[in-house]
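Visitor: So that you have it, the file is start-v4.txt, and it contains compact mmCIF, N, CA and C atoms:
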# COMPACT_ATOMS: atom_id res chain seq x y z
N MET I 1 115.59 8.51 164.24
CA MET I 1 116.28 7.32 163.80
C MET I 1 116.04 6.23 164.80
N PRO I 2 116.16 4.98 164.39
CA PRO I 2 115.96 3.87 165.31
C PRO I 2 116.90 3.95 166.51
N LEU I 3 116.38 3.62 167.68
CA LEU I 3 117.12 3.72 168.93
C LEU I 3 118.44 2.95 168.88
N SER I 4 118.42 1.74 168.36
CA SER I 4 119.63 0.91 168.38
C SER I 4 120.78 1.57 167.62
N GLN I 5 120.52 2.09 166.42
CA GLN I 5 121.56 2.79 165.67
C GLN I 5 121.84 4.16 166.26
N GLY I 6 120.80 4.81 166.75
CA GLY I 6 120.94 6.16 167.30
C GLY I 6 121.88 6.23 168.49
N LEU I 7 121.88 5.19 169.31
CA LEU I 7 122.78 5.20 170.47
C LEU I 7 124.24 5.14 170.04
N TYR I 8 124.53 4.42 168.96
CA TYR I 8 125.90 4.41 168.42
C TYR I 8 126.28 5.79 167.90
N VAL I 9 125.35 6.42 167.19
CA VAL I 9 125.61 7.76 166.65
C VAL I 9 125.83 8.75 167.79
N LEU I 10 124.99 8.67 168.81
CA LEU I 10 125.12 9.58 169.95
C LEU I 10 126.47 9.40 170.64
N ASN I 11 126.90 8.17 170.84
CA ASN I 11 128.20 7.94 171.47
C ASN I 11 129.33 8.53 170.63
N ARG I 12 129.26 8.37 169.32
CA ARG I 12 130.29 8.94 168.43
C ARG I 12 130.29 10.46 168.53
N LEU I 13 129.13 11.06 168.51
CA LEU I 13 129.04 12.52 168.57
C LEU I 13 129.43 13.05 169.95
N ARG I 14 129.14 12.30 171.00
CA ARG I 14 129.57 12.72 172.34
C ARG I 14 131.08 12.78 172.44
N LEU I 15 131.77 11.87 171.78
CA LEU I 15 133.23 11.88 171.78
C LEU I 15 133.78 13.15 171.16
N THR I 16 133.09 13.67 170.15
CA THR I 16 133.54 14.87 169.48
C THR I 16 132.99 16.14 170.14
N GLY I 17 131.97 15.98 170.98
CA GLY I 17 131.34 17.15 171.60
C GLY I 17 130.47 17.93 170.65
N LEU I 18 130.05 17.32 169.53
CA LEU I 18 129.33 18.05 168.50
C LEU I 18 127.83 17.76 168.41
N SER I 19 127.32 16.95 169.32
CA SER I 19 125.89 16.66 169.28
C SER I 19 125.12 17.74 170.03
N GLY I 20 124.03 18.16 169.44
CA GLY I 20 123.09 19.00 170.16
C GLY I 20 122.22 18.10 171.02
N PRO I 21 121.17 18.65 171.60
CA PRO I 21 120.28 17.85 172.43
C PRO I 21 119.63 16.71 171.64
N VAL I 22 119.35 15.62 172.34
CA VAL I 22 118.73 14.45 171.73
C VAL I 22 117.49 14.08 172.53
N ILE I 23 116.39 13.89 171.82
CA ILE I 23 115.14 13.47 172.44
C ILE I 23 114.99 11.98 172.22
N GLU I 24 114.67 11.26 173.29
CA GLU I 24 114.41 9.82 173.20
C GLU I 24 112.92 9.57 173.38
N ASP I 25 112.36 8.82 172.46
CA ASP I 25 110.99 8.32 172.58
C ASP I 25 111.11 6.81 172.70
N GLN I 26 111.22 6.33 173.93
CA GLN I 26 111.44 4.91 174.14
C GLN I 26 110.21 4.09 173.79
N ALA I 27 109.04 4.67 173.93
CA ALA I 27 107.81 3.94 173.58
C ALA I 27 107.81 3.55 172.10
N HIS I 28 108.41 4.38 171.26
CA HIS I 28 108.46 4.09 169.82
C HIS I 28 109.85 3.67 169.37
N GLY I 29 110.82 3.64 170.27
CA GLY I 29 112.16 3.17 169.95
C GLY I 29 112.93 4.05 168.99
N VAL I 30 112.82 5.38 169.17
CA VAL I 30 113.51 6.30 168.27
C VAL I 30 114.21 7.41 169.04
N LEU I 31 115.23 7.99 168.38
CA LEU I 31 115.91 9.19 168.88
C LEU I 31 115.72 10.30 167.86
N TYR I 32 115.67 11.53 168.36
CA TYR I 32 115.53 12.70 167.51
C TYR I 32 116.66 13.69 167.80
N TRP I 33 117.34 14.13 166.74
CA TRP I 33 118.28 15.24 166.85
C TRP I 33 117.59 16.45 166.26
N LEU I 34 117.82 17.61 166.83
CA LEU I 34 117.26 18.84 166.30
C LEU I 34 118.31 19.51 165.41
N VAL I 35 117.93 19.81 164.17
CA VAL I 35 118.81 20.46 163.22
C VAL I 35 118.11 21.72 162.71
N PRO I 36 118.84 22.66 162.10
CA PRO I 36 118.18 23.87 161.58
C PRO I 36 117.07 23.51 160.59
N PRO I 37 115.97 24.26 160.61
CA PRO I 37 114.85 23.99 159.71
C PRO I 37 115.29 23.90 158.24
N GLY I 38 114.84 22.86 157.57
CA GLY I 38 115.12 22.67 156.16
C GLY I 38 116.49 22.12 155.83
N SER I 39 117.36 21.97 156.81
CA SER I 39 118.74 21.57 156.52
C SER I 39 118.90 20.06 156.29
N ALA I 40 117.90 19.27 156.60
CA ALA I 40 118.01 17.82 156.46
C ALA I 40 117.33 17.30 155.20
N ASN I 41 116.67 18.17 154.47
CA ASN I 41 115.83 17.72 153.37
C ASN I 41 116.60 17.10 152.20
N ASP I 42 117.71 17.66 151.79
CA ASP I 42 118.37 17.24 150.57
C ASP I 42 119.59 16.37 150.80
N ARG I 43 119.56 15.55 151.83
CA ARG I 43 120.67 14.66 152.13
C ARG I 43 120.21 13.22 151.95
N GLY I 44 121.16 12.37 151.61
CA GLY I 44 120.85 10.95 151.54
C GLY I 44 121.02 10.35 152.93
N TRP I 45 119.93 9.93 153.52
CA TRP I 45 119.97 9.36 154.86
C TRP I 45 119.87 7.85 154.77
N PRO I 46 120.48 7.13 155.68
CA PRO I 46 120.41 5.67 155.64
C PRO I 46 118.99 5.17 155.92
N PRO I 47 118.71 3.92 155.57
CA PRO I 47 117.38 3.36 155.84
C PRO I 47 117.01 3.50 157.32
N GLY I 48 115.78 3.92 157.56
CA GLY I 48 115.30 4.07 158.92
C GLY I 48 115.48 5.46 159.50
N VAL I 49 116.28 6.30 158.84
CA VAL I 49 116.49 7.67 159.31
C VAL I 49 115.59 8.57 158.48
N VAL I 50 114.68 9.26 159.16
CA VAL I 50 113.67 10.06 158.46
C VAL I 50 113.74 11.51 158.95
N PRO I 51 114.04 12.45 158.04
CA PRO I 51 114.00 13.85 158.45
C PRO I 51 112.54 14.29 158.59
N LEU I 52 112.24 14.96 159.69
CA LEU I 52 110.89 15.48 159.89
C LEU I 52 110.86 16.93 159.45
N GLY I 53 109.79 17.33 158.86
CA GLY I 53 109.64 18.70 158.40
C GLY I 53 108.19 19.11 158.51
N ARG I 54 107.79 19.97 157.60
CA ARG I 54 106.39 20.41 157.61
C ARG I 54 105.46 19.22 157.59
N GLY I 55 104.40 19.31 158.38
CA GLY I 55 103.42 18.24 158.43
C GLY I 55 103.67 17.21 159.51
N TYR I 56 104.84 17.27 160.15
CA TYR I 56 105.16 16.36 161.24
C TYR I 56 105.07 17.10 162.56
N SER I 57 104.78 16.37 163.60
CA SER I 57 104.82 16.96 164.93
C SER I 57 105.76 16.13 165.79
N LEU I 58 106.35 16.78 166.77
CA LEU I 58 107.31 16.13 167.65
C LEU I 58 107.00 16.54 169.08
N ALA I 59 106.85 15.55 169.94
CA ALA I 59 106.63 15.83 171.35
C ALA I 59 107.97 16.23 171.97
N VAL I 60 108.01 17.40 172.57
CA VAL I 60 109.22 17.90 173.21
C VAL I 60 109.04 17.73 174.71
N PRO I 61 109.98 17.02 175.35
CA PRO I 61 109.82 16.77 176.79
C PRO I 61 110.02 18.03 177.62
N ALA I 62 109.49 17.99 178.82
CA ALA I 62 109.71 19.09 179.77
C ALA I 62 111.20 19.17 180.09
N ALA I 63 111.65 20.34 180.48
CA ALA I 63 113.08 20.56 180.74
C ALA I 63 113.63 19.64 181.82
N ASP I 64 112.79 19.19 182.74
CA ASP I 64 113.29 18.34 183.82
C ASP I 64 113.27 16.84 183.48
N ARG I 65 112.85 16.49 182.27
CA ARG I 65 112.84 15.08 181.84
C ARG I 65 114.17 14.75 181.17
N VAL I 66 115.23 14.65 181.97
CA VAL I 66 116.58 14.44 181.44
C VAL I 66 117.18 13.18 182.05
N GLY I 67 117.78 12.33 181.18
CA GLY I 67 118.52 11.17 181.64
C GLY I 67 117.75 10.31 182.61
N GLY I 68 118.49 9.64 183.47
CA GLY I 68 117.87 8.78 184.48
C GLY I 68 117.25 7.55 183.88
N PRO I 69 116.81 6.63 184.70
CA PRO I 69 116.16 5.42 184.17
C PRO I 69 114.79 5.75 183.61
N TRP I 70 114.38 4.95 182.66
CA TRP I 70 113.05 5.11 182.08
C TRP I 70 112.03 4.68 183.12
N VAL I 71 111.13 5.58 183.50
CA VAL I 71 110.16 5.26 184.53
C VAL I 71 108.74 5.19 184.01
N GLY I 72 108.54 5.49 182.75
CA GLY I 72 107.24 5.35 182.13
C GLY I 72 106.21 6.39 182.50
N ASP I 73 106.63 7.52 183.09
CA ASP I 73 105.65 8.54 183.44
C ASP I 73 105.50 9.60 182.35
N GLY I 74 106.03 9.34 181.20
CA GLY I 74 105.90 10.20 180.04
C GLY I 74 106.47 9.46 178.85
N GLU I 75 106.08 9.86 177.67
CA GLU I 75 106.54 9.13 176.49
C GLU I 75 107.92 9.54 176.02
N VAL I 76 108.36 10.75 176.33
CA VAL I 76 109.65 11.22 175.82
C VAL I 76 110.48 11.83 176.94
N ARG I 77 111.80 11.85 176.71
CA ARG I 77 112.71 12.51 177.65
C ARG I 77 113.90 13.02 176.86
N TRP I 78 114.64 13.94 177.46
CA TRP I 78 115.90 14.40 176.89
C TRP I 78 116.94 13.35 177.23
N LEU I 79 117.50 12.72 176.24
CA LEU I 79 118.56 11.75 176.48
C LEU I 79 119.89 12.47 176.68
N SER I 80 120.02 13.59 176.02
CA SER I 80 121.25 14.36 176.10
C SER I 80 120.92 15.83 175.94
N LEU I 81 121.49 16.65 176.80
CA LEU I 81 121.37 18.10 176.69
C LEU I 81 122.77 18.69 176.60
N ARG I 82 122.90 19.80 175.92
CA ARG I 82 124.19 20.45 175.81
C ARG I 82 124.32 21.51 176.90
N PRO I 83 125.29 21.37 177.80
CA PRO I 83 125.45 22.37 178.84
C PRO I 83 125.87 23.73 178.31
N THR I 84 126.41 23.78 177.08
CA THR I 84 126.84 25.05 176.51
C THR I 84 125.67 25.81 175.91
N GLY I 85 124.51 25.18 175.86
CA GLY I 85 123.33 25.87 175.37
C GLY I 85 123.06 25.70 173.89
N HIS I 86 123.88 24.93 173.16
CA HIS I 86 123.61 24.70 171.74
C HIS I 86 122.32 23.90 171.62
N CYS I 87 121.40 24.38 170.81
CA CYS I 87 120.12 23.68 170.73
C CYS I 87 119.95 22.93 169.42
N LEU I 88 120.92 22.99 168.53
CA LEU I 88 120.81 22.30 167.25
C LEU I 88 122.10 21.56 166.94
N THR I 89 121.97 20.48 166.19
CA THR I 89 123.12 19.72 165.72
C THR I 89 123.38 20.10 164.27
N ASP I 90 124.62 20.28 163.91
CA ASP I 90 124.99 20.57 162.53
C ASP I 90 124.65 19.32 161.69
N PRO I 91 123.80 19.45 160.67
CA PRO I 91 123.40 18.28 159.89
C PRO I 91 124.56 17.62 159.15
N VAL I 92 125.60 18.38 158.80
CA VAL I 92 126.76 17.79 158.14
C VAL I 92 127.49 16.86 159.11
N VAL I 93 127.62 17.29 160.36
CA VAL I 93 128.26 16.47 161.39
C VAL I 93 127.42 15.23 161.67
N LEU I 94 126.11 15.40 161.79
CA LEU I 94 125.22 14.27 162.04
C LEU I 94 125.28 13.27 160.88
N HIS I 95 125.25 13.77 159.66
CA HIS I 95 125.32 12.90 158.48
C HIS I 95 126.63 12.13 158.45
N GLY I 96 127.73 12.77 158.80
CA GLY I 96 129.03 12.09 158.83
C GLY I 96 129.07 10.99 159.87
N ALA I 97 128.51 11.25 161.04
CA ALA I 97 128.46 10.22 162.09
C ALA I 97 127.58 9.05 161.64
N LEU I 98 126.48 9.35 161.00
CA LEU I 98 125.61 8.29 160.49
C LEU I 98 126.32 7.45 159.44
N ALA I 99 127.07 8.09 158.55
CA ALA I 99 127.79 7.35 157.52
C ALA I 99 128.79 6.39 158.14
N ARG I 100 129.45 6.81 159.21
CA ARG I 100 130.41 5.93 159.88
C ARG I 100 129.69 4.78 160.58
N VAL I 101 128.61 5.08 161.26
CA VAL I 101 127.88 4.04 162.00
C VAL I 101 127.18 3.07 161.07
N PHE I 102 126.60 3.59 159.99
CA PHE I 102 125.86 2.74 159.07
C PHE I 102 126.74 2.18 157.96
N GLY I 103 128.04 2.37 158.07
CA GLY I 103 128.96 1.80 157.08
C GLY I 103 128.90 2.46 155.72
N GLY I 104 128.67 3.77 155.69
CA GLY I 104 128.68 4.50 154.42
C GLY I 104 127.42 4.34 153.61
N ARG I 105 126.34 3.84 154.19
CA ARG I 105 125.10 3.63 153.43
C ARG I 105 124.25 4.89 153.36
N CYS I 106 124.89 6.04 153.49
CA CYS I 106 124.17 7.32 153.31
C CYS I 106 124.35 7.74 151.86
N GLY I 107 123.30 8.34 151.30
CA GLY I 107 123.35 8.73 149.91
C GLY I 107 124.15 9.93 149.60
What is this structure when it is put down as structure tokens?
Guide:
Amino acid sequence: MPLSQGLYVLNRLRLTGLSGPVIEDQAHGVLYWLVPPGSANDRGWPPGVVPLGRGYSLAVPAADRVGGPWVGDGEVRWLSLRPTGHCLTDPVVLHGALARVFGGRCG
């Protein structure tokens, strides 16, 4: 999803403690949440939010590329990691946060 909207979604999910890890690709201005395979396909997502599936590739940052200022020594970093070890975000929770941030423009 676009970085500008994604940061609002991330802040909302951080308040609830329900966000899984988030990958930031600052070079392209997007954030990625990881959800269970196939779970994002049949949802109405707001404009600019694109579920990736078969045929897409995603650069996953090294484990030590977390937070900190953007220094330009790689294209992606972990913007948020879950200390509890959860590696996926519940797509229902993500969709609900998006609906609130985007003003209900989810299908």
Visitor: One decimal, in Å: what's the spacing between atom CA of I:Leu94 and atom C of I:Arg77?
Guide: 18.7 Å
Visitor: Can you tell me, as a PyMOL selection string, what residues are no more than 7 Å from I:His28 when counting only N, CA and C atoms, ignoring any on the same chain fewer than 3 positions away?
Guide: chain I and resi 3+25+31
Visitor: Between atom CA of I:Gly20 and atom CA of I:Pro37, what is the spacing in Å?
Guide: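 Computing it gives 14.2 Å between the two atoms.
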Visitor: Taking only C-alpha atoms into account, name the residue in I:Arg100, I:Gly53, I:Gly29, I:Leu79 that is nearest to I:Val66.
Guide: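 Of all the options, I:Leu79 lies closest to I:Val66.
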Visitor: Between I:His95, I:Gly103, I:Glu75, I:Tyr32, which residue has the minimum interatomic distance to I:Gly44, considering all atoms listed in the file?
Guide: I:His95
Visitor: Measure the distance from atom CA of I:Leu10 to atom C of I:Arg54 in Å and round it to one decimal.
Guide: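 Atom CA of I:Leu10 sits 25.1 Å away from atom C of I:Arg54.
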Visitor: Please extract the residues of stretch 3-107 of chain I with a backbone DSSP assignment of helix (DSSP H, G or I) and present them as a list in words.
Guide: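 Taking stretch 3-107 of chain I and keeping helix (DSSP H, G or I) only, one gets Leu3, Ser4, Gln5, Gly6, Leu7, Tyr8, Val9, Leu10, Asn11, Arg12, Leu13, Arg14, Leu15, Thr16, Pro91, Val92, Val93, Leu94, His95, Gly96, Ala97, Leu98, Ala99, Arg100 and Val101 of chain I.
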Visitor: Export N, CA and C atoms of the chosen residues as a PDB file, in the frame of the given file?
Guide:
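Writing done, so here's result_34.pdb:
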ATOM      1  N   LEU I   3     116.380   3.620 167.680  1.00  0.00           N
ATOM      2  CA  LEU I   3     117.120   3.720 168.930  1.00  0.00           C
ATOM      3  C   LEU I   3     118.440   2.950 168.880  1.00  0.00           C
ATOM      4  N   SER I   4     118.420   1.740 168.360  1.00  0.00           N
ATOM      5  CA  SER I   4     119.630   0.910 168.380  1.00  0.00           C
ATOM      6  C   SER I   4     120.780   1.570 167.620  1.00  0.00           C
ATOM      7  N   GLN I   5     120.520   2.090 166.420  1.00  0.00           N
ATOM      8  CA  GLN I   5     121.560   2.790 165.670  1.00  0.00           C
ATOM      9  C   GLN I   5     121.840   4.160 166.260  1.00  0.00           C
ATOM     10  N   GLY I   6     120.800   4.810 166.750  1.00  0.00           N
ATOM     11  CA  GLY I   6     120.940   6.160 167.300  1.00  0.00           C
ATOM     12  C   GLY I   6     121.880   6.230 168.490  1.00  0.00           C
ATOM     13  N   LEU I   7     121.880   5.190 169.310  1.00  0.00           N
ATOM     14  CA  LEU I   7     122.780   5.200 170.470  1.00  0.00           C
ATOM     15  C   LEU I   7     124.240   5.140 170.040  1.00  0.00           C
ATOM     16  N   TYR I   8     124.530   4.420 168.960  1.00  0.00           N
ATOM     17  CA  TYR I   8     125.900   4.410 168.420  1.00  0.00           C
ATOM     18  C   TYR I   8     126.280   5.790 167.900  1.00  0.00           C
ATOM     19  N   VAL I   9     125.350   6.420 167.190  1.00  0.00           N
ATOM     20  CA  VAL I   9     125.610   7.760 166.650  1.00  0.00           C
ATOM     21  C   VAL I   9     125.830   8.750 167.790  1.00  0.00           C
ATOM     22  N   LEU I  10     124.990   8.670 168.810  1.00  0.00           N
ATOM     23  CA  LEU I  10     125.120   9.580 169.950  1.00  0.00           C
ATOM     24  C   LEU I  10     126.470   9.400 170.640  1.00  0.00           C
ATOM     25  N   ASN I  11     126.900   8.170 170.840  1.00  0.00           N
ATOM     26  CA  ASN I  11     128.200   7.940 171.470  1.00  0.00           C
ATOM     27  C   ASN I  11     129.330   8.530 170.630  1.00  0.00           C
ATOM     28  N   ARG I  12     129.260   8.370 169.320  1.00  0.00           N
ATOM     29  CA  ARG I  12     130.290   8.940 168.430  1.00  0.00           C
ATOM     30  C   ARG I  12     130.290  10.460 168.530  1.00  0.00           C
ATOM     31  N   LEU I  13     129.130  11.060 168.510  1.00  0.00           N
ATOM     32  CA  LEU I  13     129.040  12.520 168.570  1.00  0.00           C
ATOM     33  C   LEU I  13     129.430  13.050 169.950  1.00  0.00           C
ATOM     34  N   ARG I  14     129.140  12.300 171.000  1.00  0.00           N
ATOM     35  CA  ARG I  14     129.570  12.720 172.340  1.00  0.00           C
ATOM     36  C   ARG I  14     131.080  12.780 172.440  1.00  0.00           C
ATOM     37  N   LEU I  15     131.770  11.870 171.780  1.00  0.00           N
ATOM     38  CA  LEU I  15     133.230  11.880 171.780  1.00  0.00           C
ATOM     39  C   LEU I  15     133.780  13.150 171.160  1.00  0.00           C
ATOM     40  N   THR I  16     133.090  13.670 170.150  1.00  0.00           N
ATOM     41  CA  THR I  16     133.540  14.870 169.480  1.00  0.00           C
ATOM     42  C   THR I  16     132.990  16.140 170.140  1.00  0.00           C
ATOM     43  N   PRO I  91     123.800  19.450 160.670  1.00  0.00           N
ATOM     44  CA  PRO I  91     123.400  18.280 159.890  1.00  0.00           C
ATOM     45  C   PRO I  91     124.560  17.620 159.150  1.00  0.00           C
ATOM     46  N   VAL I  92     125.600  18.380 158.800  1.00  0.00           N
ATOM     47  CA  VAL I  92     126.760  17.790 158.140  1.00  0.00           C
ATOM     48  C   VAL I  92     127.490  16.860 159.110  1.00  0.00           C
ATOM     49  N   VAL I  93     127.620  17.290 160.360  1.00  0.00           N
ATOM     50  CA  VAL I  93     128.260  16.470 161.390  1.00  0.00           C
ATOM     51  C   VAL I  93     127.420  15.230 161.670  1.00  0.00           C
ATOM     52  N   LEU I  94     126.110  15.400 161.790  1.00  0.00           N
ATOM     53  CA  LEU I  94     125.220  14.270 162.040  1.00  0.00           C
ATOM     54  C   LEU I  94     125.280  13.270 160.880  1.00  0.00           C
ATOM     55  N   HIS I  95     125.250  13.770 159.660  1.00  0.00           N
ATOM     56  CA  HIS I  95     125.320  12.900 158.480  1.00  0.00           C
ATOM     57  C   HIS I  95     126.630  12.130 158.450  1.00  0.00           C
ATOM     58  N   GLY I  96     127.730  12.770 158.800  1.00  0.00           N
ATOM     59  CA  GLY I  96     129.030  12.090 158.830  1.00  0.00           C
ATOM     60  C   GLY I  96     129.070  10.990 159.870  1.00  0.00           C
ATOM     61  N   ALA I  97     128.510  11.250 161.040  1.00  0.00           N
ATOM     62  CA  ALA I  97     128.460  10.220 162.090  1.00  0.00           C
ATOM     63  C   ALA I  97     127.580   9.050 161.640  1.00  0.00           C
ATOM     64  N   LEU I  98     126.480   9.350 161.000  1.00  0.00           N
ATOM     65  CA  LEU I  98     125.610   8.290 160.490  1.00  0.00           C
ATOM     66  C   LEU I  98     126.320   7.450 159.440  1.00  0.00           C
ATOM     67  N   ALA I  99     127.070   8.090 158.550  1.00  0.00           N
ATOM     68  CA  ALA I  99     127.790   7.350 157.520  1.00  0.00           C
ATOM     69  C   ALA I  99     128.790   6.390 158.140  1.00  0.00           C
ATOM     70  N   ARG I 100     129.450   6.810 159.210  1.00  0.00           N
ATOM     71  CA  ARG I 100     130.410   5.930 159.880  1.00  0.00           C
ATOM     72  C   ARG I 100     129.690   4.780 160.580  1.00  0.00           C
ATOM     73  N   VAL I 101     128.610   5.080 161.260  1.00  0.00           N
ATOM     74  CA  VAL I 101     127.880   4.040 162.000  1.00  0.00           C
ATOM     75  C   VAL I 101     127.180   3.070 161.070  1.00  0.00           C
TER      76      VAL I 101
END
Visitor: Using only N, CA and C atoms, pick whichever of I:Gly96, I:Val60, I:Gly55, I:Pro21 has the shortest atom-to-atom distance to I:Val76.
Guide: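 Ranking I:Gly96, I:Val60, I:Gly55, I:Pro21 by distance to I:Val76, first place goes to I:Val60.
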Visitor: So which bits of chain I end up strand (DSSP E) when you DSSP the backbone, as a PyMOL selection string?
Guide: chain I and resi 22-25+30-33+77-80
Visitor: Using all atoms listed in the file, which protein or nucleic acid residues come within 8 Å of I:Trp33? Drop anything in the same chain fewer than 2 positions from it, and give the result as a list in words.
Guide: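 Here the qualifying residues turn out to be Met1, Ser19, Gly20, Pro21, Val22, Ile23, Glu24, Val30, Leu31, Val35, Pro36, Cys87, Leu88 and Thr89 of chain I.
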Visitor: Out of I:Arg14, I:Leu81, I:Pro51, I:Trp45, which residue has the shortest atom-to-atom distance to I:Arg65 when counting only C-alpha atoms?
Guide: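 Residue with the minimum atom-to-atom distance to I:Arg65: I:Leu81.
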Visitor: Pick the closest to I:Ser39 from I:Val92, I:Leu15, I:Ala63, I:Ala27: which is it, counting all atoms listed in the file?
Guide: I:Val92
